[in-house]
file target.txt (compact mmCIF, C-alpha atoms (C1' of nucleotides))
# COMPACT_ATOMS: atom_id res chain seq x y z
CA MET A 1 28.34 24.66 -57.19
CA ARG A 2 26.01 23.86 -54.27
CA SER A 3 22.87 24.47 -56.31
CA VAL A 4 20.74 25.74 -53.46
CA PRO A 5 19.48 22.59 -51.75
CA GLU A 6 17.32 24.84 -49.65
CA ALA A 7 15.22 25.64 -52.68
CA ILE A 8 14.72 21.95 -53.37
CA ASP A 9 13.57 21.39 -49.86
CA LYS A 10 11.24 24.31 -49.93
CA GLN A 11 9.70 23.11 -53.15
CA LYS A 12 9.25 19.65 -51.74
CA LEU A 13 7.66 20.93 -48.57
CA GLN A 14 5.31 23.14 -50.49
CA THR A 15 4.28 20.25 -52.67
CA LEU A 16 3.66 17.95 -49.74
CA ALA A 17 1.85 20.68 -47.84
CA GLU A 18 -0.37 21.36 -50.79
CA PHE A 19 -1.23 17.72 -51.15
CA ARG A 20 -2.14 17.44 -47.52
CA TYR A 21 -4.22 20.54 -47.80
CA MET A 22 -6.21 18.99 -50.59
CA LEU A 23 -6.71 15.84 -48.62
CA ARG A 24 -7.97 17.91 -45.71
CA ARG A 25 -10.31 19.72 -47.97
CA PHE A 26 -11.79 16.49 -49.16
CA LEU A 27 -11.98 15.04 -45.69
CA HIS A 28 -13.52 18.21 -44.43
CA PHE A 29 -16.11 18.10 -47.15
CA SER A 30 -16.80 14.52 -46.22
CA GLU A 31 -17.24 15.32 -42.56
CA GLU A 32 -19.51 18.21 -43.35
CA ALA A 33 -21.61 16.12 -45.67
CA ALA A 34 -21.94 13.42 -43.06
CA ARG A 35 -22.81 15.91 -40.39
CA LYS A 36 -25.49 17.45 -42.52
CA ALA A 37 -26.92 13.99 -42.94
CA ASP A 38 -26.75 13.75 -39.16
CA LEU A 39 -24.32 10.88 -39.27
CA PRO A 40 -20.95 10.87 -37.50
CA THR A 41 -18.08 10.54 -39.93
CA GLN A 42 -16.90 7.24 -38.62
CA GLN A 43 -20.34 5.75 -38.82
CA HIS A 44 -20.51 6.85 -42.42
CA GLN A 45 -17.17 5.25 -43.11
CA LEU A 46 -18.25 2.04 -41.50
CA LEU A 47 -21.38 1.92 -43.61
CA LEU A 48 -19.37 2.61 -46.73
CA GLN A 49 -16.89 -0.14 -46.07
CA ILE A 50 -19.61 -2.63 -45.24
CA ALA A 51 -21.60 -1.74 -48.31
CA GLY A 52 -18.52 -1.65 -50.50
CA VAL A 53 -17.17 -4.98 -49.43
CA PRO A 54 -15.86 -7.13 -52.28
CA ASP A 55 -18.30 -9.86 -53.18
CA GLU A 56 -16.10 -12.67 -52.03
CA VAL A 57 -15.38 -11.23 -48.59
CA ALA A 58 -17.44 -11.37 -45.41
CA PRO A 59 -17.68 -8.02 -43.62
CA THR A 60 -16.55 -9.07 -40.16
CA ILE A 61 -15.29 -6.88 -37.36
CA SER A 62 -11.71 -7.75 -38.12
CA TYR A 63 -11.99 -7.12 -41.80
CA LEU A 64 -13.51 -3.72 -41.18
CA ALA A 65 -10.89 -2.87 -38.63
CA GLU A 66 -8.27 -3.37 -41.28
CA ARG A 67 -10.22 -1.38 -43.83
CA LEU A 68 -10.84 1.50 -41.47
CA GLY A 69 -7.34 1.47 -40.05
CA LEU A 70 -8.65 0.84 -36.56
CA ARG A 71 -8.18 -1.75 -33.87
CA HIS A 72 -10.89 -4.31 -33.73
CA HIS A 73 -12.28 -3.12 -30.43
CA SER A 74 -12.74 0.34 -31.83
CA VAL A 75 -14.87 -1.20 -34.54
CA VAL A 76 -16.83 -3.12 -31.94
CA GLU A 77 -17.76 0.16 -30.31
CA LEU A 78 -18.37 1.90 -33.58
CA SER A 79 -20.60 -0.87 -34.84
CA LYS A 80 -22.47 -0.86 -31.56
CA ARG A 81 -23.28 2.80 -32.06
CA CYS A 82 -24.41 2.13 -35.60
CA GLN A 83 -26.62 -0.66 -34.45
CA GLU A 84 -28.22 1.54 -31.85
CA GLN A 85 -29.08 3.92 -34.65
CA GLY A 86 -30.62 1.10 -36.60
CA LEU A 87 -28.12 1.52 -39.42
CA ILE A 88 -26.67 -1.94 -39.38
CA LEU A 89 -27.33 -5.44 -38.16
CA ARG A 90 -24.86 -7.60 -36.29
CA THR A 91 -25.18 -11.33 -36.63
CA HIS A 92 -22.92 -14.16 -35.68
CA ALA A 93 -21.78 -16.11 -38.69
CA SER A 94 -23.37 -19.52 -38.73
CA LEU A 95 -20.23 -21.25 -39.90
CA ASP A 96 -17.85 -19.75 -37.37
CA ARG A 97 -19.87 -18.39 -34.52
CA ARG A 98 -16.96 -16.34 -33.26
CA CYS A 99 -17.25 -14.02 -36.21
CA VAL A 100 -19.72 -11.15 -36.19
CA VAL A 101 -20.92 -10.22 -39.64
CA LEU A 102 -22.18 -6.70 -40.23
CA GLN A 103 -24.92 -5.77 -42.62
CA VAL A 104 -26.37 -2.45 -43.64
CA THR A 105 -30.10 -2.03 -43.00
CA LEU A 106 -32.46 -0.32 -45.38
CA LYS A 107 -32.29 2.80 -43.28
CA GLY A 108 -28.52 2.75 -43.33
CA GLU A 109 -28.56 2.18 -47.04
CA ARG A 110 -30.68 5.23 -47.66
CA ARG A 111 -28.41 7.40 -45.59
CA LEU A 112 -25.37 6.04 -47.30
CA LYS A 113 -26.68 6.49 -50.79
CA GLU A 114 -27.17 10.22 -50.54
CA LEU A 115 -23.76 10.67 -49.07
CA SER A 116 -22.15 8.50 -51.68
CA ASP A 117 -23.67 10.49 -54.48
CA ASP A 118 -22.42 13.71 -52.94
CA HIS A 119 -18.99 12.24 -52.47
CA ALA A 120 -18.80 10.97 -55.99
CA ARG A 121 -19.69 14.42 -57.27
CA GLU A 122 -17.21 16.19 -55.03
CA LEU A 123 -14.45 13.81 -55.96
CA TYR A 124 -15.28 14.28 -59.58
CA GLU A 125 -14.49 17.95 -59.03
CA LEU A 126 -11.41 17.43 -56.91
CA ALA A 127 -9.90 14.54 -58.81
CA PRO A 128 -7.99 16.68 -61.33
CA GLN A 129 -6.33 18.71 -58.60
CA LEU A 130 -5.51 15.66 -56.55
CA ILE A 131 -4.06 13.92 -59.55
CA ARG A 132 -2.00 16.98 -60.35
CA ALA A 133 -0.62 17.10 -56.83
CA LEU A 134 0.21 13.43 -56.94
CA THR A 135 1.92 13.76 -60.26
CA GLN A 136 3.98 16.59 -58.90
CA ILE A 137 5.00 14.44 -55.98
CA GLN A 138 5.97 11.67 -58.31
CA SER A 139 8.29 14.00 -60.15
CA LEU A 140 9.85 14.96 -56.86
CA GLY A 141 10.39 11.41 -55.80
CA CYS A 142 12.22 10.59 -59.00
CA LYS A 143 15.41 12.31 -58.06
CA LYS A 144 16.09 9.71 -55.44
CA ALA A 145 18.46 11.54 -53.17
CA THR A 146 20.64 12.69 -56.01
CA ALA A 147 22.28 15.37 -54.03
CA GLY A 148 23.67 17.55 -56.77
CA LEU A 149 21.52 18.49 -59.73
CA SER A 150 21.01 22.12 -60.41
CA THR A 151 17.30 22.39 -59.96
CA ARG A 152 16.44 25.90 -60.80
CA LYS A 153 13.99 27.39 -58.43
CA ILE A 154 10.65 28.03 -60.05
CA GLU A 155 8.99 29.88 -57.27
CA LYS A 156 8.50 33.59 -56.98
CA MET B 157 -33.69 -1.32 -70.18
CA ARG B 158 -33.16 -0.68 -66.46
CA SER B 159 -29.61 -2.00 -66.67
CA VAL B 160 -29.39 -3.27 -63.11
CA PRO B 161 -29.00 -0.08 -61.11
CA GLU B 162 -28.05 -2.19 -58.13
CA ALA B 163 -24.92 -3.27 -59.89
CA ILE B 164 -24.03 0.31 -60.67
CA ASP B 165 -24.53 1.30 -57.06
CA LYS B 166 -22.51 -1.58 -55.81
CA GLN B 167 -19.75 -0.68 -58.19
CA LYS B 168 -19.85 2.92 -57.06
CA LEU B 169 -19.74 1.98 -53.41
CA GLN B 170 -16.87 -0.38 -53.99
CA THR B 171 -14.96 2.29 -55.82
CA LEU B 172 -15.53 4.89 -53.14
CA ALA B 173 -14.72 2.41 -50.41
CA GLU B 174 -11.53 1.45 -52.12
CA PHE B 175 -10.50 5.06 -52.45
CA ARG B 176 -11.13 5.74 -48.80
CA TYR B 177 -9.19 2.63 -47.92
CA MET B 178 -6.20 3.95 -49.79
CA LEU B 179 -6.47 7.29 -48.10
CA ARG B 180 -6.55 5.55 -44.76
CA ARG B 181 -3.53 3.56 -45.67
CA PHE B 182 -1.62 6.69 -46.46
CA LEU B 183 -2.85 8.50 -43.39
CA HIS B 184 -1.99 5.50 -41.31
CA PHE B 185 1.48 5.41 -42.72
CA SER B 186 1.80 9.08 -41.96
CA GLU B 187 0.69 8.66 -38.38
CA GLU B 188 3.03 5.75 -37.90
CA ALA B 189 5.94 7.66 -39.34
CA ALA B 190 5.22 10.62 -37.12
CA ARG B 191 4.88 8.43 -34.08
CA LYS B 192 8.17 6.74 -34.80
CA ALA B 193 9.71 10.18 -34.95
CA ASP B 194 8.06 10.81 -31.58
CA LEU B 195 5.90 13.56 -32.97
CA PRO B 196 2.11 13.68 -32.73
CA THR B 197 0.49 13.68 -36.15
CA GLN B 198 -1.06 17.07 -35.76
CA GLN B 199 2.18 18.64 -34.69
CA HIS B 200 3.77 17.17 -37.77
CA GLN B 201 1.04 18.62 -39.93
CA LEU B 202 1.41 22.00 -38.34
CA LEU B 203 5.13 21.99 -38.99
CA LEU B 204 4.56 20.95 -42.58
CA GLN B 205 2.07 23.68 -43.26
CA ILE B 206 4.25 26.31 -41.64
CA ALA B 207 7.31 25.19 -43.54
CA GLY B 208 5.42 24.80 -46.77
CA VAL B 209 3.77 28.17 -46.67
CA PRO B 210 3.77 30.01 -50.02
CA ASP B 211 6.40 32.74 -50.08
CA GLU B 212 3.95 35.56 -50.24
CA VAL B 213 1.87 34.43 -47.26
CA ALA B 214 2.44 34.94 -43.55
CA PRO B 215 1.89 31.78 -41.50
CA THR B 216 -0.54 33.11 -38.92
CA ILE B 217 -2.88 31.16 -36.69
CA SER B 218 -5.83 31.84 -38.91
CA TYR B 219 -4.07 30.90 -42.08
CA LEU B 220 -2.97 27.63 -40.55
CA ALA B 221 -6.43 26.94 -39.23
CA GLU B 222 -7.71 27.12 -42.77
CA ARG B 223 -4.91 24.95 -44.06
CA LEU B 224 -5.37 22.33 -41.39
CA GLY B 225 -9.12 22.42 -41.54
CA LEU B 226 -9.37 23.38 -37.89
CA ARG B 227 -10.87 26.21 -35.90
CA HIS B 228 -8.42 28.84 -34.94
CA HIS B 229 -8.51 28.03 -31.25
CA SER B 230 -7.57 24.45 -31.98
CA VAL B 231 -4.50 25.78 -33.72
CA VAL B 232 -3.76 27.99 -30.76
CA GLU B 233 -3.61 24.92 -28.56
CA LEU B 234 -1.71 22.90 -31.12
CA SER B 235 0.86 25.59 -31.62
CA LYS B 236 1.23 25.93 -27.88
CA ARG B 237 2.14 22.28 -27.64
CA CYS B 238 4.61 22.65 -30.47
CA GLN B 239 6.19 25.60 -28.82
CA GLU B 240 6.58 23.70 -25.57
CA GLN B 241 8.48 21.09 -27.53
CA GLY B 242 10.72 23.74 -28.96
CA LEU B 243 9.58 22.99 -32.48
CA ILE B 244 8.28 26.39 -33.40
CA LEU B 245 8.44 30.03 -32.37
CA ARG B 246 5.45 32.27 -31.88
CA THR B 247 5.91 35.96 -32.42
CA HIS B 248 3.52 38.81 -32.75
CA ALA B 249 3.71 40.42 -36.16
CA SER B 250 5.24 43.88 -35.89
CA LEU B 251 2.84 45.39 -38.38
CA ASP B 252 -0.36 44.03 -36.92
CA ARG B 253 0.29 43.04 -33.36
CA ARG B 254 -2.90 41.03 -33.20
CA CYS B 255 -1.46 38.43 -35.54
CA VAL B 256 0.74 35.67 -34.23
CA VAL B 257 3.25 34.44 -36.78
CA LEU B 258 4.59 30.93 -36.46
CA GLN B 259 8.06 29.87 -37.41
CA VAL B 260 9.75 26.49 -37.42
CA THR B 261 12.89 26.25 -35.28
CA LEU B 262 15.99 24.40 -36.34
CA LYS B 263 14.96 21.50 -34.17
CA GLY B 264 11.54 21.44 -35.75
CA GLU B 265 13.07 21.62 -39.17
CA ARG B 266 15.22 18.61 -38.56
CA ARG B 267 12.28 16.55 -37.37
CA LEU B 268 10.23 17.65 -40.30
CA LYS B 269 12.83 16.90 -42.91
CA GLU B 270 13.12 13.21 -42.09
CA LEU B 271 9.40 12.80 -42.10
CA SER B 272 9.02 14.66 -45.35
CA ASP B 273 11.52 12.44 -47.07
CA ASP B 274 9.69 9.37 -45.85
CA HIS B 275 6.40 10.77 -46.97
CA ALA B 276 7.65 11.69 -50.38
CA ARG B 277 8.94 8.17 -50.82
CA GLU B 278 5.73 6.56 -49.63
CA LEU B 279 3.63 8.76 -51.84
CA TYR B 280 5.84 7.96 -54.74
CA GLU B 281 4.83 4.35 -54.19
CA LEU B 282 1.16 5.01 -53.56
CA ALA B 283 0.60 7.64 -56.21
CA PRO B 284 -0.15 5.22 -59.05
CA GLN B 285 -2.82 3.44 -57.04
CA LEU B 286 -4.34 6.66 -55.84
CA ILE B 287 -4.42 8.04 -59.31
CA ARG B 288 -6.02 4.88 -60.57
CA ALA B 289 -8.73 5.09 -57.93
CA LEU B 290 -9.35 8.73 -58.74
CA THR B 291 -9.58 8.03 -62.42
CA GLN B 292 -12.09 5.31 -61.75
CA ILE B 293 -14.16 7.73 -59.73
CA GLN B 294 -14.04 10.24 -62.51
CA SER B 295 -15.52 7.73 -64.86
CA LEU B 296 -18.30 7.08 -62.36
CA GLY B 297 -19.07 10.71 -61.81
CA CYS B 298 -20.05 11.26 -65.43
CA LYS B 299 -23.49 9.82 -65.09
CA LYS B 300 -24.79 12.74 -63.09
CA ALA B 301 -27.49 11.99 -60.57
CA THR B 302 -29.76 9.52 -62.32
CA ALA B 303 -32.62 9.61 -59.87
CA GLY B 304 -34.21 6.21 -60.40
CA LEU B 305 -33.57 4.43 -57.14
CA SER B 306 -35.14 1.00 -57.26
CA THR B 307 -32.87 -0.21 -54.51
CA ARG B 308 -33.84 -3.66 -53.57
CA LYS B 309 -33.67 -4.27 -49.87
CA ILE B 310 -31.06 -6.64 -48.60
CA GLU B 311 -31.84 -6.68 -44.93
CA LYS B 312 -33.77 -9.43 -43.40
C1' DG C 313 -11.32 58.00 -27.66
C1' DA C 314 -15.62 55.05 -28.37
C1' DC C 315 -17.04 51.41 -31.48
C1' DG C 316 -17.25 47.59 -34.55
C1' DT C 317 -14.09 44.28 -36.54
C1' DT C 318 -10.50 41.09 -36.64
C1' DA C 319 -7.17 37.95 -34.30
C1' DT C 320 -5.91 35.28 -30.65
C1' DA C 321 -6.69 33.02 -25.99
C1' DT C 322 -9.05 30.33 -22.20
C1' DC C 323 -12.18 27.00 -20.19
C1' DG C 324 -15.13 23.16 -19.81
C1' DT C 325 -17.00 19.35 -22.38
C1' DA C 326 -17.74 15.46 -25.40
C1' DT C 327 -16.16 12.31 -28.64
C1' DT C 328 -13.47 8.55 -29.64
C1' DG C 329 -9.58 5.49 -30.28
C1' DC C 330 -6.41 2.80 -27.63
C1' DG C 331 -4.10 -0.58 -24.18
C1' DA C 332 -4.99 -4.06 -21.06
C1' DT C 333 -7.75 -7.56 -20.16
C1' DA C 334 -11.56 -10.87 -20.32
C1' DC C 335 -14.77 -13.95 -22.61
C1' DA C 336 -16.36 -17.14 -26.40
C1' DT C 337 -15.68 -20.31 -30.16
C1' DT C 338 -12.99 -23.34 -32.90
C1' DG C 339 -9.97 -27.15 -34.31
C1' DG C 340 -6.89 -30.64 -33.15
C1' DG C 341 -4.23 -33.97 -30.47
C1' DA C 342 -3.65 -37.01 -26.18
C1' DT D 343 -14.03 -36.89 -24.79
C1' DC D 344 -11.27 -33.34 -22.61
C1' DC D 345 -7.82 -29.94 -22.76
C1' DC D 346 -5.47 -26.20 -24.95
C1' DA D 347 -3.67 -22.87 -28.05
C1' DA D 348 -5.31 -19.89 -31.52
C1' DT D 349 -8.60 -16.78 -33.13
C1' DG D 350 -12.41 -13.40 -32.89
C1' DT D 351 -15.04 -10.34 -30.21
C1' DA D 352 -16.24 -7.59 -25.94
C1' DT D 353 -15.53 -4.52 -21.76
C1' DC D 354 -13.33 -1.02 -19.00
C1' DG D 355 -10.69 2.99 -17.86
C1' DC D 356 -7.89 6.45 -19.78
C1' DA D 357 -5.80 10.04 -22.59
C1' DA D 358 -5.75 12.93 -26.39
C1' DT D 359 -7.79 16.58 -28.74
C1' DA D 360 -11.15 19.37 -31.30
C1' DC D 361 -15.02 22.07 -30.41
C1' DG D 362 -18.55 25.77 -28.60
C1' DA D 363 -18.97 29.54 -25.78
C1' DT D 364 -16.78 33.19 -24.14
C1' DA D 365 -13.05 36.53 -23.08
C1' DT D 366 -9.19 39.56 -24.16
C1' DA D 367 -6.23 42.40 -27.24
C1' DA D 368 -5.08 45.24 -31.19
C1' DC D 369 -6.61 47.66 -35.17
C1' DG D 370 -8.95 51.33 -38.10
C1' DT D 371 -12.37 54.89 -38.38
C1' DC D 372 -15.36 58.45 -37.17
call {"tool": "encode", "arguments": {"input": "target.txt", "output": "structure tokens"}}
result
Amino acid sequence: MRSVPEAIDKQKLQTLAEFRYMLRRFLHFSEEAARKADLPTQQHQLLLQIAGVPDEVAPTISYLAERLGLRHHSVVELSKRCQEQGLILRTHASLDRRCVVLQVTLKGERRLKELSDDHARELYELAPQLIRALTQIQSLGCKKATAGLSTRKIEK
Amino acid sequence: MRSVPEAIDKQKLQTLAEFRYMLRRFLHFSEEAARKADLPTQQHQLLLQIAGVPDEVAPTISYLAERLGLRHHSVVELSKRCQEQGLILRTHASLDRRCVVLQVTLKGERRLKELSDDHARELYELAPQLIRALTQIQSLGCKKATAGLSTRKIEK
DNA sequence: GACGTTATATCGTATTGCGATACATTGGGA
DNA sequence: TCCCAATGTATCGCAATACGATATAACGTC
């Protein structure tokens, strides 16, 4: 009976689009917040990942590249900018002098703290919606390419 | 009893950092997927938001700017690129000829569909982790702005 | 039919991440 | 010890793209 696969697709697209929209909203908030604090987004992210490093890990260039989803040389440049602003320190690890270990300065810490508080609050607001969107996506994903099933369209 | 505010902060930063890391991971996956499909990320996002538009809304430049978190003129340029690739159509609305309405072509639809399936699958995998991170943040957020900042300096 | 408003378009600029490539440090074997 | 491959970081030039400032077009109203 065909069961309107178009409707399934539309539903799926709307769900994905909505999720992305929410992500954008959060990211946009984050960028705005950083900009108000006069701190480029990426610098904020670098600070966050340095400060939020697990206790047993050393925050090296490479580690941060992985965490930020960047190539290492992008992090080199990014960290250079942060250093110029006096937000972080760069020191060669004494054990392996190839490694550069990053460290947030007091100034950087202050900047980061405000932003983190704001972010925590904003996420506290957005979390329910994000979770809802994710749950919806999960329920989509369940029907693993089961072509048939008569999903009744909910929309409109 | 002071209760080691440093530890709280550290915990908070780690939680936020972890959340951002997961977002990056997803965004990175998304960019990769789009690139494999030979489609710039932003073009993919534009297609998604056009295709996933609620039934009662007209996908105009302005609407999409809001959805994508961009300024309208950025969307103008983006949509121009998409049009050049034959992924979308741009037509002036007959009612209000100022408005440009965007529409995904068959070609665009095909490209989008593959990507959407991949994304739905990936999100199905990531959703539990994301939800966990969000839940953790929610539990942080409860303790509303406790001012006392006896941050001990780490820098040398 | 002039005006303020809304919607889209154009241009020049600045940021920034990347590929290619180079340099520095390390550990290990001849 | 010296050489070398592996690993980690740095530099350079480039390309993509989002933005601000500004311009054009269509609308509704008086």
call {"tool": "calpha_fit_and_write", "arguments": {"input": "target.txt", "fixed": "chain A", "moving": "chain B", "output": "tab-separated table (two decimals) with C-alpha atoms, keeping the file's coordinate frame"}}
result
chain	number	residue	atom	x	y	z
B	157	MET	CA	25.91	22.56	-62.75
B	158	ARG	CA	24.13	22.42	-59.38
B	159	SER	CA	20.87	23.52	-60.98
B	160	VAL	CA	19.44	25.26	-57.93
B	161	PRO	CA	18.38	22.37	-55.74
B	162	GLU	CA	16.47	24.82	-53.60
B	163	ALA	CA	14.14	25.50	-56.46
B	164	ILE	CA	13.56	21.80	-56.96
B	165	ASP	CA	12.79	21.35	-53.29
B	166	LYS	CA	10.47	24.27	-53.24
B	167	GLN	CA	8.70	22.92	-56.26
B	168	LYS	CA	8.39	19.52	-54.65
B	169	LEU	CA	7.04	20.95	-51.43
B	170	GLN	CA	4.55	23.07	-53.29
B	171	THR	CA	3.38	20.08	-55.25
B	172	LEU	CA	2.99	17.91	-52.19
B	173	ALA	CA	1.29	20.70	-50.29
B	174	GLU	CA	-1.11	21.26	-53.10
B	175	PHE	CA	-1.98	17.59	-53.23
B	176	ARG	CA	-2.64	17.46	-49.53
B	177	TYR	CA	-4.76	20.56	-49.82
B	178	MET	CA	-6.93	18.85	-52.38
B	179	LEU	CA	-7.26	15.79	-50.23
B	180	ARG	CA	-8.33	17.98	-47.36
B	181	ARG	CA	-10.85	19.68	-49.52
B	182	PHE	CA	-12.38	16.38	-50.45
B	183	LEU	CA	-12.28	15.08	-46.91
B	184	HIS	CA	-13.80	18.29	-45.71
B	185	PHE	CA	-16.57	18.02	-48.21
B	186	SER	CA	-17.14	14.47	-47.08
B	187	GLU	CA	-17.33	15.44	-43.44
B	188	GLU	CA	-19.68	18.27	-44.21
B	189	ALA	CA	-21.92	16.04	-46.26
B	190	ALA	CA	-22.02	13.46	-43.52
B	191	ARG	CA	-22.74	16.06	-40.90
B	192	LYS	CA	-25.58	17.48	-42.94
B	193	ALA	CA	-26.98	13.98	-43.09
B	194	ASP	CA	-26.59	13.90	-39.31
B	195	LEU	CA	-24.09	11.09	-39.46
B	196	PRO	CA	-20.61	11.19	-37.93
B	197	THR	CA	-17.92	10.79	-40.56
B	198	GLN	CA	-16.60	7.57	-39.17
B	199	GLN	CA	-20.01	6.01	-39.05
B	200	HIS	CA	-20.45	6.96	-42.67
B	201	GLN	CA	-17.14	5.36	-43.53
B	202	LEU	CA	-18.05	2.22	-41.68
B	203	LEU	CA	-21.32	1.96	-43.55
B	204	LEU	CA	-19.55	2.51	-46.85
B	205	GLN	CA	-16.98	-0.16	-46.23
B	206	ILE	CA	-19.59	-2.64	-45.08
B	207	ALA	CA	-21.81	-1.95	-48.05
B	208	GLY	CA	-18.92	-1.92	-50.47
B	209	VAL	CA	-17.41	-5.16	-49.32
B	210	PRO	CA	-16.27	-7.44	-52.16
B	211	ASP	CA	-18.72	-10.28	-52.71
B	212	GLU	CA	-16.37	-12.97	-51.61
B	213	VAL	CA	-15.44	-11.34	-48.30
B	214	ALA	CA	-17.25	-11.36	-44.97
B	215	PRO	CA	-17.43	-7.92	-43.34
B	216	THR	CA	-16.04	-8.76	-39.93
B	217	ILE	CA	-14.60	-6.41	-37.35
B	218	SER	CA	-11.07	-7.25	-38.30
B	219	TYR	CA	-11.63	-6.84	-41.99
B	220	LEU	CA	-13.19	-3.45	-41.42
B	221	ALA	CA	-10.39	-2.41	-39.12
B	222	GLU	CA	-7.97	-3.02	-41.94
B	223	ARG	CA	-10.15	-1.19	-44.41
B	224	LEU	CA	-10.63	1.80	-42.16
B	225	GLY	CA	-7.06	1.87	-41.01
B	226	LEU	CA	-8.08	1.44	-37.40
B	227	ARG	CA	-7.36	-1.01	-34.62
B	228	HIS	CA	-10.00	-3.60	-34.18
B	229	HIS	CA	-11.18	-2.28	-30.84
B	230	SER	CA	-11.80	1.11	-32.36
B	231	VAL	CA	-14.09	-0.59	-34.83
B	232	VAL	CA	-15.81	-2.41	-32.00
B	233	GLU	CA	-16.70	0.93	-30.46
B	234	LEU	CA	-17.60	2.48	-33.78
B	235	SER	CA	-19.85	-0.37	-34.73
B	236	LYS	CA	-21.48	-0.21	-31.33
B	237	ARG	CA	-22.41	3.39	-31.95
B	238	CYS	CA	-23.76	2.51	-35.37
B	239	GLN	CA	-25.81	-0.25	-33.94
B	240	GLU	CA	-27.29	2.06	-31.33
B	241	GLN	CA	-28.40	4.28	-34.18
B	242	GLY	CA	-30.01	1.35	-35.88
B	243	LEU	CA	-27.73	1.66	-38.87
B	244	ILE	CA	-26.20	-1.77	-38.79
B	245	LEU	CA	-26.72	-5.24	-37.35
B	246	ARG	CA	-24.08	-7.24	-35.55
B	247	THR	CA	-24.34	-10.99	-35.66
B	248	HIS	CA	-21.98	-13.74	-34.74
B	249	ALA	CA	-21.00	-15.81	-37.73
B	250	SER	CA	-22.53	-19.27	-37.49
B	251	LEU	CA	-19.43	-20.99	-38.77
B	252	ASP	CA	-16.92	-19.29	-36.52
B	253	ARG	CA	-18.75	-17.85	-33.58
B	254	ARG	CA	-15.81	-15.68	-32.65
B	255	CYS	CA	-16.35	-13.51	-35.69
B	256	VAL	CA	-18.86	-10.70	-35.63
B	257	VAL	CA	-20.34	-9.96	-39.03
B	258	LEU	CA	-21.70	-6.51	-39.71
B	259	GLN	CA	-24.63	-5.76	-41.92
B	260	VAL	CA	-26.20	-2.50	-43.00
B	261	THR	CA	-29.89	-2.12	-42.12
B	262	LEU	CA	-32.43	-0.59	-44.43
B	263	LYS	CA	-32.20	2.63	-42.49
B	264	GLY	CA	-28.45	2.64	-42.80
B	265	GLU	CA	-28.71	1.91	-46.48
B	266	ARG	CA	-30.93	4.87	-47.08
B	267	ARG	CA	-28.58	7.22	-45.28
B	268	LEU	CA	-25.65	5.82	-47.14
B	269	LYS	CA	-27.19	6.07	-50.56
B	270	GLU	CA	-27.74	9.82	-50.44
B	271	LEU	CA	-24.24	10.41	-49.25
B	272	SER	CA	-22.77	8.14	-51.86
B	273	ASP	CA	-24.52	9.97	-54.64
B	274	ASP	CA	-23.21	13.27	-53.33
B	275	HIS	CA	-19.74	11.89	-53.05
B	276	ALA	CA	-19.75	10.44	-56.50
B	277	ARG	CA	-20.80	13.80	-57.87
B	278	GLU	CA	-18.19	15.71	-55.91
B	279	LEU	CA	-15.46	13.33	-56.92
B	280	TYR	CA	-16.54	13.61	-60.49
B	281	GLU	CA	-15.77	17.31	-60.16
B	282	LEU	CA	-12.55	16.92	-58.23
B	283	ALA	CA	-11.12	13.98	-60.12
B	284	PRO	CA	-9.43	16.02	-62.86
B	285	GLN	CA	-7.61	18.18	-60.34
B	286	LEU	CA	-6.60	15.24	-58.24
B	287	ILE	CA	-5.34	13.40	-61.23
B	288	ARG	CA	-3.39	16.42	-62.32
B	289	ALA	CA	-1.76	16.71	-58.92
B	290	LEU	CA	-0.90	13.03	-58.92
B	291	THR	CA	0.58	13.22	-62.37
B	292	GLN	CA	2.71	16.13	-61.29
B	293	ILE	CA	3.96	14.12	-58.35
B	294	GLN	CA	4.79	11.24	-60.61
B	295	SER	CA	6.99	13.47	-62.66
B	296	LEU	CA	8.75	14.59	-59.49
B	297	GLY	CA	9.27	11.12	-58.18
B	298	CYS	CA	11.44	10.12	-61.13
B	299	LYS	CA	14.55	11.76	-59.85
B	300	LYS	CA	15.08	9.21	-57.12
B	301	ALA	CA	16.75	10.43	-53.98
B	302	THR	CA	19.49	12.74	-55.19
B	303	ALA	CA	21.34	13.13	-51.93
B	304	GLY	CA	23.02	16.50	-52.38
B	305	LEU	CA	21.30	18.68	-49.83
B	306	SER	CA	22.83	22.13	-49.92
B	307	THR	CA	19.75	23.60	-48.31
B	308	ARG	CA	20.35	27.19	-47.62
B	309	LYS	CA	18.92	28.30	-44.33
B	310	ILE	CA	16.04	30.69	-44.38
B	311	GLU	CA	15.51	31.28	-40.71
B	312	LYS	CA	16.80	34.31	-39.04
call {"tool": "residues_around", "arguments": {"input": "target.txt", "residues": "segment 15-26 of chain A", "least_positions_apart": "6", "cutoff": "6 Å", "atoms": "all atoms listed in the file", "output": "tab-separated table (two decimals) with C-alpha atoms, in the frame of the given file"}}
result
chain	number	residue	atom	x	y	z
A	133	ALA	CA	-0.62	17.10	-56.83
B	204	LEU	CA	4.56	20.95	-42.58
B	205	GLN	CA	2.07	23.68	-43.26
B	208	GLY	CA	5.42	24.80	-46.77
B	223	ARG	CA	-4.91	24.95	-44.06
call {"tool": "closest_atom_pairs", "arguments": {"input": "target.txt", "of": "chain D", "to": "chain B", "cutoff": "8 Å", "atoms": "only C-alpha atoms (C1' of nucleotides)", "output": "JSON lines"}}
result
{"residue": "D:DA360", "atom": "C1'", "partner": "B:Ser230", "partner_atom": "CA", "distance": 6.3}
{"residue": "D:DC361", "atom": "C1'", "partner": "B:Ser230", "partner_atom": "CA", "distance": 8.0}
{"residue": "D:DA367", "atom": "C1'", "partner": "B:Arg254", "partner_atom": "CA", "distance": 7.0}
{"residue": "D:DA368", "atom": "C1'", "partner": "B:Arg254", "partner_atom": "CA", "distance": 5.1}
{"residue": "D:DC369", "atom": "C1'", "partner": "B:Asp252", "partner_atom": "CA", "distance": 7.4}
